[in-house]
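Trainee: Dropping in work.txt, which is compact mmCIF, C-alpha atoms and all ligand atoms:
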```txt
# COMPACT_ATOMS: atom_id res chain seq x y z
CA MET A 41 -80.29 -72.73 83.23
CA ALA A 42 -81.01 -69.18 81.94
CA ILE A 43 -80.18 -66.60 84.61
CA SER A 44 -80.48 -62.82 84.50
CA LEU A 45 -79.95 -60.16 87.13
CA THR A 46 -81.69 -56.84 86.61
CA TYR A 47 -80.55 -53.70 88.41
CA PHE A 48 -79.53 -50.12 87.74
CA ASP A 49 -76.40 -49.29 85.77
CA PHE A 50 -73.97 -48.83 88.61
CA ASP A 51 -71.58 -51.04 90.52
CA GLY A 52 -72.83 -50.84 94.06
CA SER A 53 -75.53 -51.59 96.62
CA ARG A 54 -77.93 -54.53 96.34
CA GLY A 55 -77.32 -55.05 92.65
CA LEU A 56 -73.59 -55.51 93.14
CA GLU A 57 -74.24 -57.95 95.98
CA CYS A 58 -76.26 -60.16 93.65
CA ARG A 59 -73.83 -59.86 90.74
CA LEU A 60 -70.93 -60.84 93.02
CA ALA A 61 -72.96 -63.69 94.52
CA LEU A 62 -73.63 -65.13 91.07
CA THR A 63 -69.97 -64.62 90.20
CA ALA A 64 -68.72 -66.31 93.37
CA ALA A 65 -71.11 -69.20 92.71
CA GLY A 66 -69.68 -69.58 89.21
CA LEU A 67 -73.04 -68.98 87.55
CA PRO A 68 -72.99 -67.19 84.18
CA PHE A 69 -75.76 -64.59 84.00
CA GLU A 70 -77.14 -61.85 81.83
CA ASP A 71 -76.33 -58.54 83.50
CA ILE A 72 -79.32 -56.32 82.69
CA ARG A 73 -78.68 -52.67 83.60
CA LEU A 74 -81.66 -50.36 83.40
CA SER A 75 -81.95 -46.63 82.93
CA ARG A 76 -84.43 -44.86 85.25
CA GLU A 77 -86.86 -44.61 82.31
CA GLN A 78 -86.62 -48.33 81.55
CA TRP A 79 -87.17 -49.04 85.25
CA GLN A 80 -90.38 -47.05 85.39
CA ALA A 81 -91.79 -49.25 82.61
CA LEU A 82 -90.69 -52.50 84.25
CA LYS A 83 -91.50 -51.61 87.88
CA PRO A 84 -95.19 -52.65 87.87
CA THR A 85 -94.26 -56.10 86.57
CA THR A 86 -91.84 -56.90 89.41
CA PRO A 87 -92.78 -58.76 92.60
CA PHE A 88 -92.21 -55.82 94.99
CA GLY A 89 -91.75 -52.86 92.65
CA ALA A 90 -88.05 -52.75 93.44
CA LEU A 91 -84.69 -54.02 92.20
CA PRO A 92 -82.62 -56.21 92.17
CA LEU A 93 -84.56 -58.87 90.31
CA LEU A 94 -83.25 -62.37 89.67
CA GLU A 95 -84.82 -64.42 86.89
CA VAL A 96 -84.11 -68.12 86.59
CA ASP A 97 -85.67 -69.96 83.67
CA GLY A 98 -88.48 -67.38 83.56
CA ARG A 99 -89.18 -67.36 87.31
CA LYS A 100 -88.75 -64.05 89.14
CA LEU A 101 -87.24 -63.54 92.57
CA ALA A 102 -86.91 -60.16 94.31
CA GLN A 103 -85.50 -58.98 97.66
CA SER A 104 -81.71 -58.95 97.78
CA ASN A 105 -81.42 -61.19 100.83
CA ALA A 106 -83.74 -63.82 99.35
CA ILE A 107 -81.68 -63.74 96.15
CA LEU A 108 -78.44 -64.17 98.11
CA GLY A 109 -79.96 -67.02 100.12
CA TYR A 110 -81.16 -68.79 96.97
CA ILE A 111 -77.79 -68.50 95.26
CA GLY A 112 -75.82 -69.35 98.37
CA ARG A 113 -77.83 -72.40 99.39
CA GLY A 114 -77.53 -73.93 95.94
CA HIS A 115 -73.81 -73.37 95.59
CA GLY A 116 -72.04 -74.06 98.86
CA LEU A 117 -72.01 -70.42 99.92
CA TYR A 118 -74.48 -70.77 102.81
CA PRO A 119 -74.08 -72.94 105.92
CA ALA A 120 -75.86 -76.29 105.82
CA ASP A 121 -76.47 -76.11 109.57
CA PRO A 122 -79.86 -74.38 110.21
CA TRP A 123 -78.59 -72.37 113.17
CA GLN A 124 -75.55 -71.11 111.31
CA ALA A 125 -77.74 -70.34 108.30
CA ALA A 126 -80.04 -68.29 110.52
CA GLN A 127 -77.02 -66.40 111.84
CA GLN A 128 -76.12 -65.59 108.22
CA ASP A 129 -79.70 -64.40 107.66
CA ALA A 130 -79.32 -62.10 110.66
CA LEU A 131 -76.12 -60.59 109.28
CA LEU A 132 -77.73 -60.03 105.87
CA GLN A 133 -80.62 -58.27 107.57
CA SER A 134 -78.26 -56.16 109.67
CA VAL A 135 -76.88 -54.66 106.46
CA GLU A 136 -80.39 -53.70 105.42
CA ASP A 137 -80.85 -52.10 108.86
CA LEU A 138 -77.66 -50.14 108.30
CA ARG A 139 -78.91 -48.90 104.92
CA ALA A 140 -82.15 -47.75 106.51
CA LYS A 141 -80.43 -45.93 109.38
CA LEU A 142 -78.04 -43.75 107.35
CA PRO A 143 -79.43 -40.19 107.48
CA ASP A 144 -80.12 -39.46 103.81
CA GLY A 145 -79.98 -35.70 104.29
CA LYS A 146 -83.21 -35.05 102.42
CA GLY A 147 -84.71 -31.73 103.45
CA MET A 148 -81.62 -30.83 105.51
CA MET A 149 -79.18 -27.97 105.07
CA GLU A 150 -75.63 -29.21 104.45
CA ASP A 151 -74.50 -28.40 108.01
CA GLU A 152 -77.49 -30.31 109.43
CA LYS A 153 -76.71 -33.29 107.21
CA LYS A 154 -73.06 -33.17 108.34
CA ALA A 155 -74.08 -33.14 112.00
CA ALA A 156 -76.57 -35.97 111.50
CA ARG A 157 -74.05 -38.13 109.67
CA GLU A 158 -71.28 -37.47 112.18
CA ALA A 159 -73.61 -38.44 115.02
CA PHE A 160 -74.61 -41.55 113.06
CA ALA A 161 -70.94 -42.53 112.50
CA ALA A 162 -70.08 -42.10 116.16
CA GLY A 163 -73.27 -43.76 117.38
CA TRP A 164 -75.40 -46.23 115.43
CA LEU A 165 -72.76 -47.14 112.84
CA SER A 166 -70.10 -47.81 115.46
CA GLN A 167 -72.49 -50.02 117.42
CA TRP A 168 -73.32 -51.92 114.24
CA ALA A 169 -69.64 -52.34 113.43
CA THR A 170 -68.91 -53.64 116.93
CA ALA A 171 -71.81 -56.12 116.81
CA VAL A 172 -70.85 -57.43 113.37
CA SER A 173 -67.16 -57.66 114.27
CA ASP A 174 -68.08 -59.86 117.21
CA GLN A 175 -69.69 -62.32 114.77
CA ILE A 176 -66.73 -62.65 112.40
CA ALA A 177 -64.44 -65.65 112.98
CA GLY A 178 -61.94 -64.13 110.54
CA PRO A 179 -61.09 -63.37 107.94
CA PHE A 180 -64.56 -64.38 106.74
CA VAL A 181 -67.66 -64.64 108.91
CA ALA A 182 -67.33 -68.43 109.02
CA GLY A 183 -63.54 -68.49 109.22
CA GLU A 184 -61.71 -69.58 106.09
CA THR A 185 -64.83 -70.15 103.95
CA LEU A 186 -66.49 -67.45 101.87
CA SER A 187 -70.26 -67.15 102.33
CA MET A 188 -73.07 -64.81 101.37
CA ALA A 189 -72.78 -62.70 104.51
CA ASP A 190 -69.21 -61.87 103.48
CA ILE A 191 -70.38 -60.66 100.09
CA LYS A 192 -73.14 -58.49 101.53
CA LEU A 193 -70.80 -57.05 104.17
CA TYR A 194 -68.09 -56.48 101.55
CA VAL A 195 -70.38 -54.41 99.33
CA ILE A 196 -71.57 -52.10 102.11
CA LEU A 197 -68.05 -51.75 103.54
CA ARG A 198 -66.72 -50.98 100.05
CA SER A 199 -69.17 -48.07 99.81
CA TYR A 200 -68.16 -46.67 103.18
CA LEU A 201 -64.44 -47.18 102.55
CA ASN A 202 -64.77 -45.52 99.11
CA GLY A 203 -66.14 -42.42 100.81
CA THR A 204 -69.52 -42.81 99.11
CA TYR A 205 -71.35 -41.27 102.05
CA ASP A 206 -70.50 -37.65 102.72
CA HIS A 207 -69.45 -36.83 106.28
CA VAL A 208 -68.83 -40.48 107.20
CA PRO A 209 -65.05 -40.71 106.79
CA PRO A 210 -63.54 -44.10 105.84
CA SER A 211 -61.37 -43.76 108.96
CA THR A 212 -64.53 -44.54 110.96
CA PHE A 213 -63.61 -48.19 110.30
CA ASP A 214 -60.01 -47.95 111.54
CA ARG A 215 -61.23 -49.18 114.93
CA PHE A 216 -62.72 -52.30 113.34
CA PRO A 217 -59.85 -54.45 112.02
CA LYS A 218 -62.06 -57.50 111.54
CA LEU A 219 -64.27 -55.57 109.13
CA LEU A 220 -61.24 -54.28 107.24
CA ALA A 221 -59.79 -57.81 107.07
CA LEU A 222 -63.08 -59.22 105.78
CA HIS A 223 -63.26 -56.50 103.13
CA ALA A 224 -59.69 -57.26 102.02
CA ALA A 225 -60.27 -61.03 102.01
CA VAL A 226 -63.38 -60.80 99.80
CA ALA A 227 -61.62 -58.38 97.44
CA ALA A 228 -58.74 -60.86 97.14
CA GLU A 229 -60.98 -63.79 96.15
CA PRO A 230 -59.96 -64.75 92.60
CA ALA A 231 -63.53 -64.68 91.24
CA ILE A 232 -64.20 -61.25 92.77
CA ARG A 233 -60.91 -59.82 91.51
CA ALA A 234 -61.61 -61.16 88.03
CA TYR A 235 -65.07 -59.59 88.10
CA PHE A 236 -63.73 -56.12 88.88
CA ASP A 237 -60.82 -56.49 86.43
CA ALA A 238 -63.36 -57.24 83.70
CA ARG A 239 -65.39 -54.14 84.64
CA LYS A 240 -62.40 -51.79 84.13
N1 LIG B 1 -85.69 -54.78 100.53
C1 LIG B 1 -85.38 -54.63 99.13
C2 LIG B 1 -85.10 -53.16 98.82
C3 LIG B 1 -85.05 -52.92 97.34
C4 LIG B 1 -84.81 -51.48 96.99
O1 LIG B 1 -85.12 -50.54 97.76
N2 LIG B 1 -84.25 -51.30 95.79
C5 LIG B 1 -84.01 -49.98 95.28
C6 LIG B 1 -82.61 -49.95 94.64
S1 LIG B 1 -81.32 -50.49 95.74
C7 LIG B 1 -85.01 -49.65 94.19
O2 LIG B 1 -85.50 -50.53 93.50
N3 LIG B 1 -85.32 -48.36 94.02
C8 LIG B 1 -86.19 -47.90 92.95
C9 LIG B 1 -87.65 -47.91 93.31
O3 LIG B 1 -88.01 -48.25 94.47
O4 LIG B 1 -88.46 -47.58 92.42
C10 LIG B 1 -84.16 -55.52 98.77
O5 LIG B 1 -83.38 -55.84 99.68
O6 LIG B 1 -84.00 -55.90 97.60
```
Would you put the structure from the file into structure tokens?
Ligand SMILES: N[C@@H](CCC(=O)N[C@@H](CS)C(=O)NCC(=O)O)C(=O)O
Mentor:
Amino acid sequence: MAISLTYFDFDGSRGLECRLALTAAGLPFEDIRLSREQWQALKPTTPFGALPLLEVDGRKLAQSNAILGYIGRGHGLYPADPWQAAQQDALLQSVEDLRAKLPDGKGMMEDEKKAAREAFAAGWLSQWATAVSDQIAGPFVAGETLSMADIKLYVILRSYLNGTYDHVPPSTFDRFPKLLALHAAVAAEPAIRAYFDARK
């Protein structure tokens, strides 16, 4: 099976989710990292004009959650039970909701952006974190077994805990020990650790 994953040349967001999913599934893949110029040339040829893009034996699949579902279902990283699988789908989608809700600050003065992000951290983000925490058995979503929802949650939590988003302090998550425990448990997975060690 020839597998490639195309994304931008940075270790975060939806591209990292898919790279870690392939890694956790034990699937070797070509890691194609595009410059913005290369992307503009490729964009019209992709299913939705957006990355990440998974290619398997010449077939193309876009949309990060569909990619995670495909990888997870084929490799024991998605629940076999339809209800539990749908609950995983809901968690994956909740991360996309979170991405959409973060005030991006475009067109705002810095003090306006700060106020918007602080209100977001105290409001929408905290509600999201409470709702997701309630769905985590611990340390992973499904208890002791790693699944795709853990990988998607790990990547977004990693960004917040790294301080990627100005004016949303990592300490926002201090009140959510289940999220911190999930983040630590995914980071400690041997395949995930090996992936990051190899990136150093
Ligand atoms: N719903 C899509 C969103 C994809 C998306 O917005 N990708 C961004 C990068 S994370 C992108 O391709 N941006 C460049 C562009 O839209 O031209 C998914 O989950 O994959």
Trainee: In Å, with one decimal, what is the gap from atom CA of Pro217 of chain A to atom CA of Ser166 of chain A?
Mentor: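 Distance reported for this atom pair: 12.7 Å.
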Trainee: Considering only C-alpha atoms, return as a list in words whatever protein or nucleic-acid residues lie within 12 Å of Lys153 of chain A, sequence-local ones (same chain, fewer than 4 positions apart) excluded.
Mentor: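 Skipping anything fewer than 4 positions along the chain leaves Leu142, Pro143, Asp144, Gly145, Lys146, Gly147, Met148, Met149, Arg157, Glu158, Ala159, Phe160, Tyr205, Asp206, His207 and Val208 of chain A.
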Trainee: Output C-alpha atoms for every residue in that selection, as a PDB file, in the coordinates of the input.
Mentor:
```
ATOM      1  CA  LEU A 142     -78.040 -43.750 107.350  1.00  0.00           C
ATOM      2  CA  PRO A 143     -79.430 -40.190 107.480  1.00  0.00           C
ATOM      3  CA  ASP A 144     -80.120 -39.460 103.810  1.00  0.00           C
ATOM      4  CA  GLY A 145     -79.980 -35.700 104.290  1.00  0.00           C
ATOM      5  CA  LYS A 146     -83.210 -35.050 102.420  1.00  0.00           C
ATOM      6  CA  GLY A 147     -84.710 -31.730 103.450  1.00  0.00           C
ATOM      7  CA  MET A 148     -81.620 -30.830 105.510  1.00  0.00           C
ATOM      8  CA  MET A 149     -79.180 -27.970 105.070  1.00  0.00           C
ATOM      9  CA  ARG A 157     -74.050 -38.130 109.670  1.00  0.00           C
ATOM     10  CA  GLU A 158     -71.280 -37.470 112.180  1.00  0.00           C
ATOM     11  CA  ALA A 159     -73.610 -38.440 115.020  1.00  0.00           C
ATOM     12  CA  PHE A 160     -74.610 -41.550 113.060  1.00  0.00           C
ATOM     13  CA  TYR A 205     -71.350 -41.270 102.050  1.00  0.00           C
ATOM     14  CA  ASP A 206     -70.500 -37.650 102.720  1.00  0.00           C
ATOM     15  CA  HIS A 207     -69.450 -36.830 106.280  1.00  0.00           C
ATOM     16  CA  VAL A 208     -68.830 -40.480 107.200  1.00  0.00           C
TER      17      VAL A 208
END
```
Trainee: Neighbours of ligand LIG 1 (chain B) within 6 Å, counting only C-alpha atoms and all ligand atoms, as an MDAnalysis selection string?
Mentor: chainID A and resid 53:54 90:92 103:105
Trainee: With distances taken over only C-alpha atoms, which of A:Leu82, A:Leu45, A:Ala65, A:Ile72 is nearest to Ala102 of chain A?
Mentor: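 The shortest atom-to-atom distance to Ala102 of chain A comes from A:Leu45.
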Trainee: To one decimal place in Å, what is the distance between atom CA of Met188 of chain A and atom CA of Leu117 of chain A?
Mentor: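 The value is 5.9 Å.
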Trainee: Report the distance between atom CA of Pro209 of chain A and atom CA of Leu165 of chain A in Å, rounded to one decimal place.
Mentor: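 Between atom CA of Pro209 of chain A and atom CA of Leu165 of chain A the gap is 11.7 Å.
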